[in-house]
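upload_9.csv (CSV, C-alpha atoms and all ligand atoms) appears below.
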chain,number,residue,atom,x,y,z
G,1,MET,CA,-55.6,-9.4,63.4
G,2,ILE,CA,-56.6,-9.3,59.7
G,3,LYS,CA,-59.2,-12.0,59.1
G,4,ARG,CA,-59.6,-12.2,55.3
G,5,ILE,CA,-57.2,-11.4,52.4
G,6,GLY,CA,-57.5,-11.5,48.6
G,7,VAL,CA,-54.7,-12.8,46.4
G,8,LEU,CA,-54.3,-12.0,42.7
G,9,THR,CA,-51.8,-12.4,39.9
G,10,SER,CA,-51.5,-9.5,37.4
G,11,GLY,CA,-49.5,-8.5,34.3
G,12,GLY,CA,-47.6,-11.0,32.2
G,13,ASP,CA,-47.6,-14.4,33.8
G,14,ALA,CA,-44.4,-16.0,35.0
G,15,PRO,CA,-43.5,-19.6,36.0
G,16,GLY,CA,-43.7,-19.8,39.8
G,17,MET,CA,-46.8,-17.6,40.2
G,18,ASN,CA,-48.8,-20.7,41.1
G,19,ALA,CA,-46.1,-21.6,43.7
G,20,ALA,CA,-46.5,-18.1,45.2
G,21,VAL,CA,-50.3,-18.5,45.3
G,22,ARG,CA,-50.0,-21.8,47.0
G,23,ALA,CA,-47.6,-20.4,49.6
G,24,VAL,CA,-49.9,-17.4,50.3
G,25,VAL,CA,-52.9,-19.6,50.8
G,26,ARG,CA,-51.2,-22.3,52.9
G,27,THR,CA,-49.5,-19.7,55.1
G,28,ALA,CA,-52.8,-17.8,55.5
G,29,VAL,CA,-54.5,-21.0,56.6
G,30,ALA,CA,-51.8,-21.7,59.1
G,31,CYS,CA,-52.3,-18.1,60.5
G,32,GLY,CA,-56.1,-18.4,60.7
G,33,ILE,CA,-56.6,-15.9,57.8
G,34,GLU,CA,-59.2,-16.7,55.2
G,35,CYS,CA,-58.1,-16.4,51.6
G,36,ILE,CA,-60.1,-15.3,48.5
G,37,GLY,CA,-58.6,-15.8,45.1
G,38,ILE,CA,-59.2,-12.8,42.8
G,39,ARG,CA,-59.3,-13.9,39.2
G,40,ARG,CA,-57.9,-11.9,36.3
G,41,GLY,CA,-55.8,-9.4,38.3
G,42,TRP,CA,-57.0,-5.9,39.2
G,43,GLN,CA,-59.8,-6.3,36.7
G,44,GLY,CA,-61.2,-9.2,38.7
G,45,LEU,CA,-61.2,-7.0,41.8
G,46,ILE,CA,-63.2,-4.4,40.0
G,47,ASN,CA,-65.7,-7.1,38.6
G,48,GLY,CA,-65.9,-9.0,41.9
G,49,ASP,CA,-64.5,-12.1,40.1
G,50,PHE,CA,-63.5,-14.3,43.0
G,51,VAL,CA,-63.0,-17.9,44.2
G,52,ARG,CA,-62.7,-19.1,47.8
G,53,LEU,CA,-59.4,-20.9,48.4
G,54,ASP,CA,-58.3,-23.4,51.0
G,55,SER,CA,-55.3,-25.6,51.4
G,56,SER,CA,-56.6,-28.3,49.1
G,57,SER,CA,-57.6,-25.9,46.3
G,58,VAL,CA,-53.9,-25.1,45.8
G,59,GLY,CA,-52.8,-28.8,45.8
G,60,HIS,CA,-50.7,-30.0,42.8
G,61,ILE,CA,-50.0,-26.5,41.4
G,62,LEU,CA,-46.5,-26.0,42.8
G,63,SER,CA,-44.9,-27.4,39.6
G,64,ARG,CA,-47.4,-25.9,37.2
G,65,GLY,CA,-46.6,-23.0,34.9
G,66,GLY,CA,-49.1,-20.1,34.2
G,67,THR,CA,-51.4,-19.0,36.9
G,68,ILE,CA,-54.6,-20.8,38.1
G,69,LEU,CA,-56.0,-17.3,39.0
G,70,TYR,CA,-55.6,-16.1,35.4
G,71,THR,CA,-54.0,-12.7,34.8
G,72,ALA,CA,-54.8,-9.5,32.9
G,73,ARG,CA,-53.6,-6.0,32.4
G,74,SER,CA,-56.5,-3.7,33.4
G,75,ASP,CA,-57.1,-0.3,31.9
G,76,ASP,CA,-60.1,0.2,34.1
G,77,PHE,CA,-57.9,0.0,37.2
G,78,MET,CA,-55.9,3.0,35.9
G,79,THR,CA,-59.0,5.1,36.5
G,80,GLU,CA,-60.2,6.5,39.8
G,81,ALA,CA,-63.7,5.1,39.1
G,82,GLY,CA,-62.3,1.6,38.5
G,83,ARG,CA,-60.3,1.7,41.7
G,84,GLN,CA,-63.3,2.9,43.7
G,85,LYS,CA,-65.2,-0.2,42.4
G,86,ALA,CA,-62.3,-2.4,43.5
G,87,VAL,CA,-62.6,-0.9,47.0
G,88,SER,CA,-66.3,-1.6,47.0
G,89,THR,CA,-65.6,-5.3,46.1
G,90,CYS,CA,-63.2,-5.5,49.0
G,91,LYS,CA,-65.8,-4.0,51.4
G,92,MET,CA,-68.5,-6.3,50.0
G,93,LEU,CA,-66.4,-9.5,50.4
G,94,GLY,CA,-64.8,-8.4,53.7
G,95,ILE,CA,-61.3,-8.4,52.1
G,96,GLU,CA,-59.0,-6.4,54.5
G,97,GLY,CA,-55.8,-6.7,52.5
G,98,VAL,CA,-54.6,-7.9,49.1
G,99,VAL,CA,-51.5,-9.9,48.1
G,100,ALA,CA,-50.6,-8.8,44.5
G,101,ILE,CA,-48.3,-11.0,42.6
G,102,GLY,CA,-46.7,-9.4,39.5
G,103,GLY,CA,-44.3,-6.7,38.3
G,104,ASP,CA,-43.9,-2.9,38.4
G,105,GLY,CA,-47.3,-2.3,36.7
G,106,THR,CA,-49.0,-4.4,39.3
G,107,PHE,CA,-47.2,-2.5,42.1
G,108,ARG,CA,-48.3,0.9,40.7
G,109,GLY,CA,-51.8,-0.4,41.0
G,110,ALA,CA,-51.1,-1.6,44.5
G,111,LEU,CA,-49.9,1.8,45.6
G,112,GLU,CA,-53.1,3.4,44.3
G,113,LEU,CA,-55.3,0.9,46.1
G,114,SER,CA,-53.3,1.3,49.3
G,115,ARG,CA,-54.0,5.1,49.1
G,116,LEU,CA,-57.7,4.2,49.2
G,117,GLY,CA,-57.3,2.4,52.4
G,118,ILE,CA,-56.9,-1.2,51.3
G,119,PRO,CA,-53.4,-2.5,52.4
G,120,VAL,CA,-51.5,-4.4,49.8
G,121,VAL,CA,-48.4,-6.6,49.9
G,122,GLY,CA,-46.6,-7.1,46.6
G,123,VAL,CA,-44.8,-10.3,45.5
G,124,PRO,CA,-42.4,-9.6,42.5
G,125,ALA,CA,-43.0,-12.0,39.6
G,126,THR,CA,-41.9,-11.3,36.0
G,127,ILE,CA,-39.6,-13.1,33.6
G,128,ASP,CA,-38.0,-9.7,32.9
G,129,ASN,CA,-36.3,-9.4,36.4
G,130,ASP,CA,-36.8,-5.7,36.0
G,131,VAL,CA,-38.3,-4.7,39.4
G,132,GLY,CA,-36.0,-2.2,40.9
G,133,CYS,CA,-36.3,-3.0,44.6
G,134,THR,CA,-35.5,-6.7,44.4
G,135,ASN,CA,-32.5,-8.7,43.2
G,136,TYR,CA,-34.8,-11.4,41.9
G,137,THR,CA,-38.3,-11.8,40.5
G,138,ILE,CA,-40.1,-15.1,40.3
G,139,GLY,CA,-40.0,-16.6,36.8
G,140,PHE,CA,-36.7,-15.2,35.7
G,141,ASP,CA,-34.8,-18.5,36.2
G,142,SER,CA,-37.4,-20.6,34.4
G,143,ALA,CA,-37.5,-18.2,31.4
G,144,CYS,CA,-33.7,-18.2,31.2
G,145,ASN,CA,-33.6,-21.9,31.2
G,146,THR,CA,-36.3,-22.2,28.6
G,147,ALA,CA,-34.5,-19.7,26.3
G,148,ILE,CA,-31.2,-21.6,26.9
G,149,GLU,CA,-32.7,-24.9,26.0
G,150,CYS,CA,-34.2,-23.4,22.8
G,151,ILE,CA,-30.9,-21.7,21.8
G,152,ASP,CA,-28.9,-24.9,22.5
G,153,LYS,CA,-31.2,-26.6,20.0
G,154,LEU,CA,-30.8,-23.8,17.5
G,155,ARG,CA,-27.0,-24.1,17.8
G,156,ASP,CA,-27.1,-27.7,16.7
G,157,THR,CA,-28.7,-26.8,13.3
G,158,MET,CA,-26.7,-23.6,12.9
G,159,GLN,CA,-23.5,-25.5,13.5
G,160,SER,CA,-24.5,-28.2,10.9
G,161,HIS,CA,-25.3,-25.7,8.3
G,162,GLU,CA,-22.6,-23.2,9.3
G,163,ARG,CA,-25.1,-20.3,9.7
G,164,CYS,CA,-25.6,-17.2,11.7
G,165,SER,CA,-28.6,-17.2,14.1
G,166,VAL,CA,-30.2,-14.1,15.4
G,167,VAL,CA,-32.4,-14.9,18.4
G,168,GLU,CA,-34.8,-12.3,20.0
G,169,VAL,CA,-35.5,-12.8,23.7
G,170,MET,CA,-38.1,-11.0,25.8
G,171,GLY,CA,-37.3,-8.6,28.7
G,172,ARG,CA,-39.4,-5.6,27.8
G,173,ASN,CA,-37.0,-2.5,28.2
G,174,ALA,CA,-34.4,-4.5,30.2
G,175,GLY,CA,-31.5,-6.7,29.1
G,176,PHE,CA,-31.3,-9.0,32.2
G,177,LEU,CA,-32.8,-12.0,30.4
G,178,ALA,CA,-30.7,-11.5,27.2
G,179,LEU,CA,-27.4,-11.0,29.1
G,180,TYR,CA,-27.9,-14.1,31.4
G,181,VAL,CA,-28.9,-16.2,28.5
G,182,GLY,CA,-26.2,-14.9,26.2
G,183,ILE,CA,-23.5,-15.8,28.8
G,184,ALA,CA,-25.0,-19.2,29.3
G,185,VAL,CA,-25.1,-20.1,25.6
G,186,GLY,CA,-21.7,-18.6,24.8
G,187,ALA,CA,-23.3,-16.1,22.3
G,188,THR,CA,-21.1,-14.5,19.7
G,189,ALA,CA,-22.8,-11.2,20.6
G,190,VAL,CA,-25.5,-10.0,23.0
G,191,LEU,CA,-27.4,-6.8,22.3
G,192,VAL,CA,-29.1,-5.1,25.3
G,193,PRO,CA,-31.0,-1.8,25.6
G,194,GLU,CA,-28.8,-0.6,28.4
G,195,LYS,CA,-25.8,-0.3,26.1
G,196,PRO,CA,-26.0,1.9,23.0
G,197,LEU,CA,-25.5,-0.2,19.9
G,198,ASP,CA,-22.3,0.3,17.9
G,199,PHE,CA,-23.3,-2.1,15.1
G,200,GLU,CA,-19.9,-2.3,13.5
G,201,LYS,CA,-18.1,-3.0,16.7
G,202,ASP,CA,-20.7,-5.0,18.6
G,203,VAL,CA,-21.9,-7.2,15.8
G,204,VAL,CA,-19.9,-7.0,12.6
G,205,GLU,CA,-16.4,-7.1,14.1
G,206,ARG,CA,-17.4,-9.8,16.5
G,207,ILE,CA,-18.7,-12.1,13.8
G,208,ARG,CA,-15.6,-11.4,11.7
G,209,GLU,CA,-13.3,-12.2,14.7
G,210,TYR,CA,-15.2,-15.5,15.2
G,211,ARG,CA,-14.8,-16.3,11.6
G,212,LEU,CA,-11.1,-15.5,11.6
G,213,ALA,CA,-10.7,-17.8,14.6
G,214,GLY,CA,-12.0,-20.6,12.5
G,215,ASN,CA,-15.7,-20.6,13.5
G,216,THR,CA,-18.4,-21.1,10.9
G,217,HIS,CA,-21.5,-20.5,12.9
G,218,PHE,CA,-22.6,-17.5,15.0
G,219,MET,CA,-25.2,-16.9,17.7
G,220,ILE,CA,-26.5,-13.3,18.2
G,221,VAL,CA,-28.8,-12.8,21.1
G,222,VAL,CA,-31.0,-9.6,20.9
G,223,ALA,CA,-33.1,-8.3,23.8
G,224,GLU,CA,-36.5,-7.2,22.4
G,225,GLY,CA,-35.9,-3.7,23.9
G,226,VAL,CA,-33.1,-3.2,21.3
G,227,GLY,CA,-35.4,-3.7,18.4
G,228,SER,CA,-36.4,-6.4,15.9
G,229,ALA,CA,-34.2,-9.4,15.3
G,230,PHE,CA,-35.3,-9.2,11.7
G,231,GLU,CA,-33.8,-5.7,11.3
G,232,ILE,CA,-30.5,-6.9,12.9
G,233,GLY,CA,-30.5,-9.9,10.6
G,234,GLN,CA,-30.9,-7.7,7.6
G,235,LYS,CA,-28.1,-5.4,8.6
G,236,ILE,CA,-25.8,-8.4,9.2
G,237,LYS,CA,-26.7,-9.6,5.7
G,238,GLU,CA,-25.8,-6.2,4.2
G,239,ALA,CA,-22.5,-5.9,6.1
G,240,LEU,CA,-21.2,-9.4,5.8
G,241,GLY,CA,-23.0,-11.0,2.9
G,242,ILE,CA,-24.3,-14.0,5.0
G,243,GLU,CA,-28.0,-14.9,5.4
G,244,PRO,CA,-28.8,-15.1,9.1
G,245,ARG,CA,-31.8,-17.2,10.3
G,246,ILE,CA,-34.1,-15.3,12.7
G,247,THR,CA,-35.9,-16.8,15.7
G,248,VAL,CA,-38.2,-14.8,18.0
G,249,LEU,CA,-38.6,-17.0,21.1
G,250,GLY,CA,-41.7,-15.0,22.2
G,251,HIS,CA,-44.2,-16.2,24.7
G,252,ILE,CA,-42.6,-19.7,24.9
G,253,GLN,CA,-40.3,-18.1,27.4
G,254,ARG,CA,-43.3,-17.5,29.8
G,255,GLY,CA,-44.5,-21.1,29.8
G,256,GLY,CA,-43.4,-24.4,31.3
G,257,ALA,CA,-42.9,-25.8,34.7
G,258,PRO,CA,-41.0,-23.4,37.1
G,259,THR,CA,-37.4,-24.3,38.0
G,260,GLY,CA,-36.5,-25.3,41.6
G,261,ARG,CA,-35.2,-21.8,42.2
G,262,ASP,CA,-38.5,-20.2,41.2
G,263,ARG,CA,-40.6,-22.7,43.2
G,264,GLU,CA,-38.4,-22.1,46.3
G,265,THR,CA,-38.3,-18.3,46.0
G,266,ALA,CA,-42.0,-18.1,45.3
G,267,THR,CA,-42.7,-20.2,48.3
G,268,ARG,CA,-40.6,-18.0,50.6
G,269,MET,CA,-42.0,-14.8,49.2
G,270,GLY,CA,-45.6,-16.0,49.5
G,271,TYR,CA,-44.9,-17.0,53.1
G,272,HIS,CA,-43.4,-13.6,54.0
G,273,ALA,CA,-46.3,-11.7,52.3
G,274,ILE,CA,-48.8,-13.3,54.7
G,275,MET,CA,-46.5,-12.9,57.7
G,276,ALA,CA,-46.4,-9.2,57.0
G,277,PHE,CA,-50.1,-9.1,57.2
G,278,ALA,CA,-50.3,-11.5,60.1
G,279,GLU,CA,-47.9,-9.3,62.1
G,280,GLY,CA,-49.8,-6.1,61.4
G,281,ARG,CA,-47.8,-4.7,58.5
G,282,GLY,CA,-48.8,-4.1,54.9
G,283,ASN,CA,-48.2,-1.7,51.9
G,284,CYS,CA,-44.8,-3.2,51.1
G,285,ILE,CA,-43.1,-5.3,48.5
G,286,ILE,CA,-41.5,-8.6,49.5
G,287,ALA,CA,-38.0,-8.3,48.0
G,288,THR,CA,-34.8,-10.4,47.9
G,289,GLN,CA,-31.6,-8.6,48.8
G,290,GLU,CA,-28.2,-10.3,49.4
G,291,GLY,CA,-30.0,-13.7,49.6
G,292,GLY,CA,-32.4,-12.6,52.3
G,293,ILE,CA,-36.0,-11.4,52.2
G,294,VAL,CA,-36.9,-7.8,53.2
G,295,GLU,CA,-40.0,-5.7,53.1
G,296,ILE,CA,-39.8,-2.4,51.2
G,297,PRO,CA,-42.6,0.2,51.4
G,298,ILE,CA,-44.4,0.3,48.0
G,299,GLU,CA,-43.9,4.0,47.4
G,300,GLU,CA,-40.1,3.7,48.0
G,301,ALA,CA,-39.9,0.4,46.1
G,302,LEU,CA,-41.3,2.0,43.0
G,303,THR,CA,-38.6,4.7,43.0
G,304,ARG,CA,-35.7,2.1,43.1
G,305,LYS,CA,-33.8,1.5,40.0
G,306,LYS,CA,-31.9,-1.7,39.1
G,307,HIS,CA,-29.0,-1.5,36.6
G,308,LEU,CA,-27.8,-4.2,34.3
G,309,GLN,CA,-24.6,-5.7,35.7
G,310,MET,CA,-22.1,-4.2,33.2
G,311,ASP,CA,-19.4,-6.3,34.8
G,312,ARG,CA,-21.2,-9.3,33.6
G,313,TYR,CA,-21.5,-7.7,30.2
G,314,ARG,CA,-17.8,-7.4,30.2
G,315,ILE,CA,-17.4,-11.1,31.1
G,316,MET,CA,-19.6,-12.0,28.2
G,317,GLU,CA,-17.4,-9.8,25.9
G,318,VAL,CA,-14.2,-11.3,27.3
G,319,MET,CA,-15.5,-14.8,26.3
G,320,GLN,CA,-15.5,-13.5,22.7
G,321,PHE,CA,-12.3,-13.6,20.6
G,322,GLY,CA,-12.6,-10.0,19.5
G,323,ALA,CA,-12.8,-8.4,22.9
G,324,VAL,CA,-9.9,-10.5,24.2
G,325,ARG,CA,-7.8,-9.3,21.3
G,326,SER,CA,-8.7,-5.6,21.5
G,327,THR,CA,-8.7,-4.9,25.3
G,328,ALA,CA,-7.3,-6.5,28.4
G,329,PRO,CA,-9.9,-7.8,30.8
D,1,LIG,O1,-43.3,-8.5,31.2
D,1,LIG,C1,-43.3,-9.8,30.7
D,1,LIG,C2,-43.3,-9.8,29.2
D,1,LIG,O2,-43.3,-11.1,28.8
D,1,LIG,C3,-42.3,-9.0,28.5
D,1,LIG,O3,-41.0,-9.7,28.4
D,1,LIG,C4,-42.9,-8.7,27.1
D,1,LIG,O4,-42.4,-7.6,26.5
D,1,LIG,C5,-44.3,-8.6,27.5
D,1,LIG,O5,-44.5,-9.2,28.7
D,1,LIG,C6,-45.3,-9.2,26.5
D,1,LIG,O6,-46.6,-8.9,26.8
D,1,LIG,P1,-47.8,-9.6,26.2
D,1,LIG,O7,-48.0,-11.0,26.8
D,1,LIG,O8,-49.0,-8.7,26.5
D,1,LIG,O9,-47.6,-9.7,24.7

Translate this file's structure into structure tokens.
Amino acid sequence: MIKRIGVLTSGGDAPGMNAAVRAVVRTAVACGIECIGIRRGWQGLINGDFVRLDSSSVGHILSRGGTILYTARSDDFMTEAGRQKAVSTCKMLGIEGVVAIGGDGTFRGALELSRLGIPVVGVPATIDNDVGCTNYTIGFDSACNTAIECIDKLRDTMQSHERCSVVEVMGRNAGFLALYVGIAVGATAVLVPEKPLDFEKDVVERIREYRLAGNTHFMIVVAEGVGSAFEIGQKIKEALGIEPRITVLGHIQRGGAPTGRDRETATRMGYHAIMAFAEGRGNCIIATQEGGIVEIPIEEALTRKKHLQMDRYRIMEVMQFGAVRSTAP
């Protein structure tokens, strides 16, 4: 059986990464596998930047945001020379397998390393929820709740001043975060990259319908993949003669204590990552599907696509006066 593994976090951090590290380490200890923490993601594996971990070194981190292992996006690891160095580190330290916690970029690195003979198990963690092979990625729920809390606060002041708010949320090229948050805050409009923007219909008419229904404040949620909230705000000003206030939530969405869902999911995924190694498997991504956990070969996992739930987009639209008036649900 495998005797020693490395664990790292890579790419953008996500609340719940620490919970996953804790689960990996504690499950490894229970299986008699030694655990080495690799700091600063794939770059740390190249540089031999490590820390030995035992059960007590991951105490009191379950509820902490960020990652105690630090994280990075490594250009060196994109090169063959960089990856060869990483393999040398593994040989030097006796690391026989790596648990890589991160998103798609992390898993592309994982595939390359596995091709050089170091087995990798991936644990999906990104606030974007944009990893194709899994329904859910660690950090998404926490980020949604952070954004919802911020937007609820914004709504108070927008309502008092009878203003329009344009809020930009993260998500990279995907609209999962924006759509979930938009539904949860009862946004006037939600703009996502998956749906081509018809500015007149999707924004102007919707604000107008809201106004005609008697409302005097408006909340427009924009996924960063659509473009800048400042540009959207400017276009609203030109079209409707109002002066929207712009808020870019930015990295605040990546911070804070993980929610219960993220702690619990991270713990289960971390556990399953080690069980895959302990039972002689590897080179897979730990994914959630229909509520259960499955292992998907990395190469196949990277080809999977996940589509924004357009039925949910429709539900969001139906909650708006304009959509209800123009089309039956
Ligand atoms: O992938 C997570 C994410 O937060 C994206 O939503 C965002 O586009 C990106 O990372 C920001 O990256 P950085 O921290 O390098 O600015």

Would you list the residues near (-51.4, -17.8, 44.8) (no more than 12 Å away, in the coordinates of the file, using only C-alpha atoms) as number ranges by chain?
G: 5-10, 15-28, 35-39, 41, 51-55, 57-59, 61-62, 64, 66-71, 98-102, 122-123, 125, 263, 266-267, 269-271, 273-274

Keeping only C-alpha atoms, take the residues you just selected and write them out as a CSV table (one decimal), in the frame of the given file.
chain,number,residue,atom,x,y,z
G,5,ILE,CA,-57.2,-11.4,52.4
G,6,GLY,CA,-57.5,-11.5,48.6
G,7,VAL,CA,-54.7,-12.8,46.4
G,8,LEU,CA,-54.3,-12.0,42.7
G,9,THR,CA,-51.8,-12.4,39.9
G,10,SER,CA,-51.5,-9.5,37.4
G,15,PRO,CA,-43.5,-19.6,36.0
G,16,GLY,CA,-43.7,-19.8,39.8
G,17,MET,CA,-46.8,-17.6,40.2
G,18,ASN,CA,-48.8,-20.7,41.1
G,19,ALA,CA,-46.1,-21.6,43.7
G,20,ALA,CA,-46.5,-18.1,45.2
G,21,VAL,CA,-50.3,-18.5,45.3
G,22,ARG,CA,-50.0,-21.8,47.0
G,23,ALA,CA,-47.6,-20.4,49.6
G,24,VAL,CA,-49.9,-17.4,50.3
G,25,VAL,CA,-52.9,-19.6,50.8
G,26,ARG,CA,-51.2,-22.3,52.9
G,27,THR,CA,-49.5,-19.7,55.1
G,28,ALA,CA,-52.8,-17.8,55.5
G,35,CYS,CA,-58.1,-16.4,51.6
G,36,ILE,CA,-60.1,-15.3,48.5
G,37,GLY,CA,-58.6,-15.8,45.1
G,38,ILE,CA,-59.2,-12.8,42.8
G,39,ARG,CA,-59.3,-13.9,39.2
G,41,GLY,CA,-55.8,-9.4,38.3
G,51,VAL,CA,-63.0,-17.9,44.2
G,52,ARG,CA,-62.7,-19.1,47.8
G,53,LEU,CA,-59.4,-20.9,48.4
G,54,ASP,CA,-58.3,-23.4,51.0
G,55,SER,CA,-55.3,-25.6,51.4
G,57,SER,CA,-57.6,-25.9,46.3
G,58,VAL,CA,-53.9,-25.1,45.8
G,59,GLY,CA,-52.8,-28.8,45.8
G,61,ILE,CA,-50.0,-26.5,41.4
G,62,LEU,CA,-46.5,-26.0,42.8
G,64,ARG,CA,-47.4,-25.9,37.2
G,66,GLY,CA,-49.1,-20.1,34.2
G,67,THR,CA,-51.4,-19.0,36.9
G,68,ILE,CA,-54.6,-20.8,38.1
G,69,LEU,CA,-56.0,-17.3,39.0
G,70,TYR,CA,-55.6,-16.1,35.4
G,71,THR,CA,-54.0,-12.7,34.8
G,98,VAL,CA,-54.6,-7.9,49.1
G,99,VAL,CA,-51.5,-9.9,48.1
G,100,ALA,CA,-50.6,-8.8,44.5
G,101,ILE,CA,-48.3,-11.0,42.6
G,102,GLY,CA,-46.7,-9.4,39.5
G,122,GLY,CA,-46.6,-7.1,46.6
G,123,VAL,CA,-44.8,-10.3,45.5
G,125,ALA,CA,-43.0,-12.0,39.6
G,263,ARG,CA,-40.6,-22.7,43.2
G,266,ALA,CA,-42.0,-18.1,45.3
G,267,THR,CA,-42.7,-20.2,48.3
G,269,MET,CA,-42.0,-14.8,49.2
G,270,GLY,CA,-45.6,-16.0,49.5
G,271,TYR,CA,-44.9,-17.0,53.1
G,273,ALA,CA,-46.3,-11.7,52.3
G,274,ILE,CA,-48.8,-13.3,54.7

Give me, as CSV, each residue of chain G that comes within 12 Å of ligand LIG 1 (chain D), together with its shortest interatomic pair and the distance in Å at one decimal, counting all atoms listed in the file, with rows ordered by chain and rising residue number.
residue,atom,partner,partner_atom,distance
G:Ser10,CA,D:LIG1,O1,10.3
G:Gly11,CA,D:LIG1,O1,6.9
G:Gly12,CA,D:LIG1,C1,4.7
G:Asp13,CA,D:LIG1,C1,7.0
G:Ala14,CA,D:LIG1,C1,7.6
G:Pro15,CA,D:LIG1,O2,11.1
G:Gly66,CA,D:LIG1,O7,11.8
G:Thr71,CA,D:LIG1,O7,10.1
G:Ala72,CA,D:LIG1,O8,8.7
G:Arg73,CA,D:LIG1,O8,8.0
G:Ser74,CA,D:LIG1,O8,11.4
G:Gly102,CA,D:LIG1,O1,9.0
G:Gly103,CA,D:LIG1,O1,7.4
G:Asp104,CA,D:LIG1,O1,9.1
G:Gly105,CA,D:LIG1,O1,9.2
G:Thr106,CA,D:LIG1,O1,10.7
G:Pro124,CA,D:LIG1,O1,11.4
G:Ala125,CA,D:LIG1,O1,9.1
G:Thr126,CA,D:LIG1,C1,5.7
G:Ile127,CA,D:LIG1,C1,5.7
G:Asp128,CA,D:LIG1,O3,5.4
G:Asn129,CA,D:LIG1,O1,8.8
G:Asp130,CA,D:LIG1,O1,8.6
G:Val131,CA,D:LIG1,O1,10.3
G:Thr137,CA,D:LIG1,O1,11.1
G:Ile138,CA,D:LIG1,C1,11.4
G:Gly139,CA,D:LIG1,C1,9.7
G:Phe140,CA,D:LIG1,C1,9.9
G:Ala143,CA,D:LIG1,O2,9.5
G:Cys144,CA,D:LIG1,O3,11.5
G:Glu168,CA,D:LIG1,O3,10.8
G:Val169,CA,D:LIG1,O3,7.9
G:Met170,CA,D:LIG1,O3,4.1
G:Gly171,CA,D:LIG1,O3,3.9
G:Arg172,CA,D:LIG1,O4,3.8
G:Asn173,CA,D:LIG1,O4,7.6
G:Ala174,CA,D:LIG1,O3,8.6
G:Gly175,CA,D:LIG1,O3,10.0
G:Phe176,CA,D:LIG1,O3,10.4
G:Leu177,CA,D:LIG1,O3,8.7
G:Ala178,CA,D:LIG1,O3,10.5
G:Ala223,CA,D:LIG1,O3,9.2
G:Glu224,CA,D:LIG1,O4,7.2
G:Gly225,CA,D:LIG1,O4,8.0
G:Val226,CA,D:LIG1,O4,11.5
G:Gly227,CA,D:LIG1,O4,11.4
G:Val248,CA,D:LIG1,O4,11.9
G:Leu249,CA,D:LIG1,O3,10.6
G:Gly250,CA,D:LIG1,O2,7.8
G:His251,CA,D:LIG1,O2,6.6
G:Ile252,CA,D:LIG1,O2,9.5
G:Gln253,CA,D:LIG1,O2,7.7
G:Arg254,CA,D:LIG1,O2,6.5
G:Gly255,CA,D:LIG1,O2,10.1

Between atom CA of G:Ile118 and atom CA of G:Val87 - distance in Å to one decimal:
7.1 Å

May I have the residues within 8 Å of stretch 145-160 of chain G as a VMD selection string, using all atoms listed in the file and disregarding those fewer than 5 positions away in the same chain?
chain G and resid 165 167 169 181 184 to 185 216 to 219 249 252 to 253 256

Excluding stretch 230-242 of chain G and its own-chain neighbours fewer than 4 positions away, which residues fall within 8 Å of it when counting only C-alpha atoms? Please give them as a VMD selection string.
chain G and resid 163 to 164 166 203 to 204 246

Pick the closest to G:Val120 from G:Val294, G:Leu197, G:Val318, G:Cys284: which is it, counting all atoms listed in the file?
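The answer is G:Cys284, which sits nearest to G:Val120.
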
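Here atom CA of G:Glu243 stands at a distance of 11.5 Å from atom CA of G:His161.
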
At what distance in Å, to one decimal, does atom CA of G:Pro297 lie from atom CA of G:Ser114?
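It comes out at 11.0 Å.
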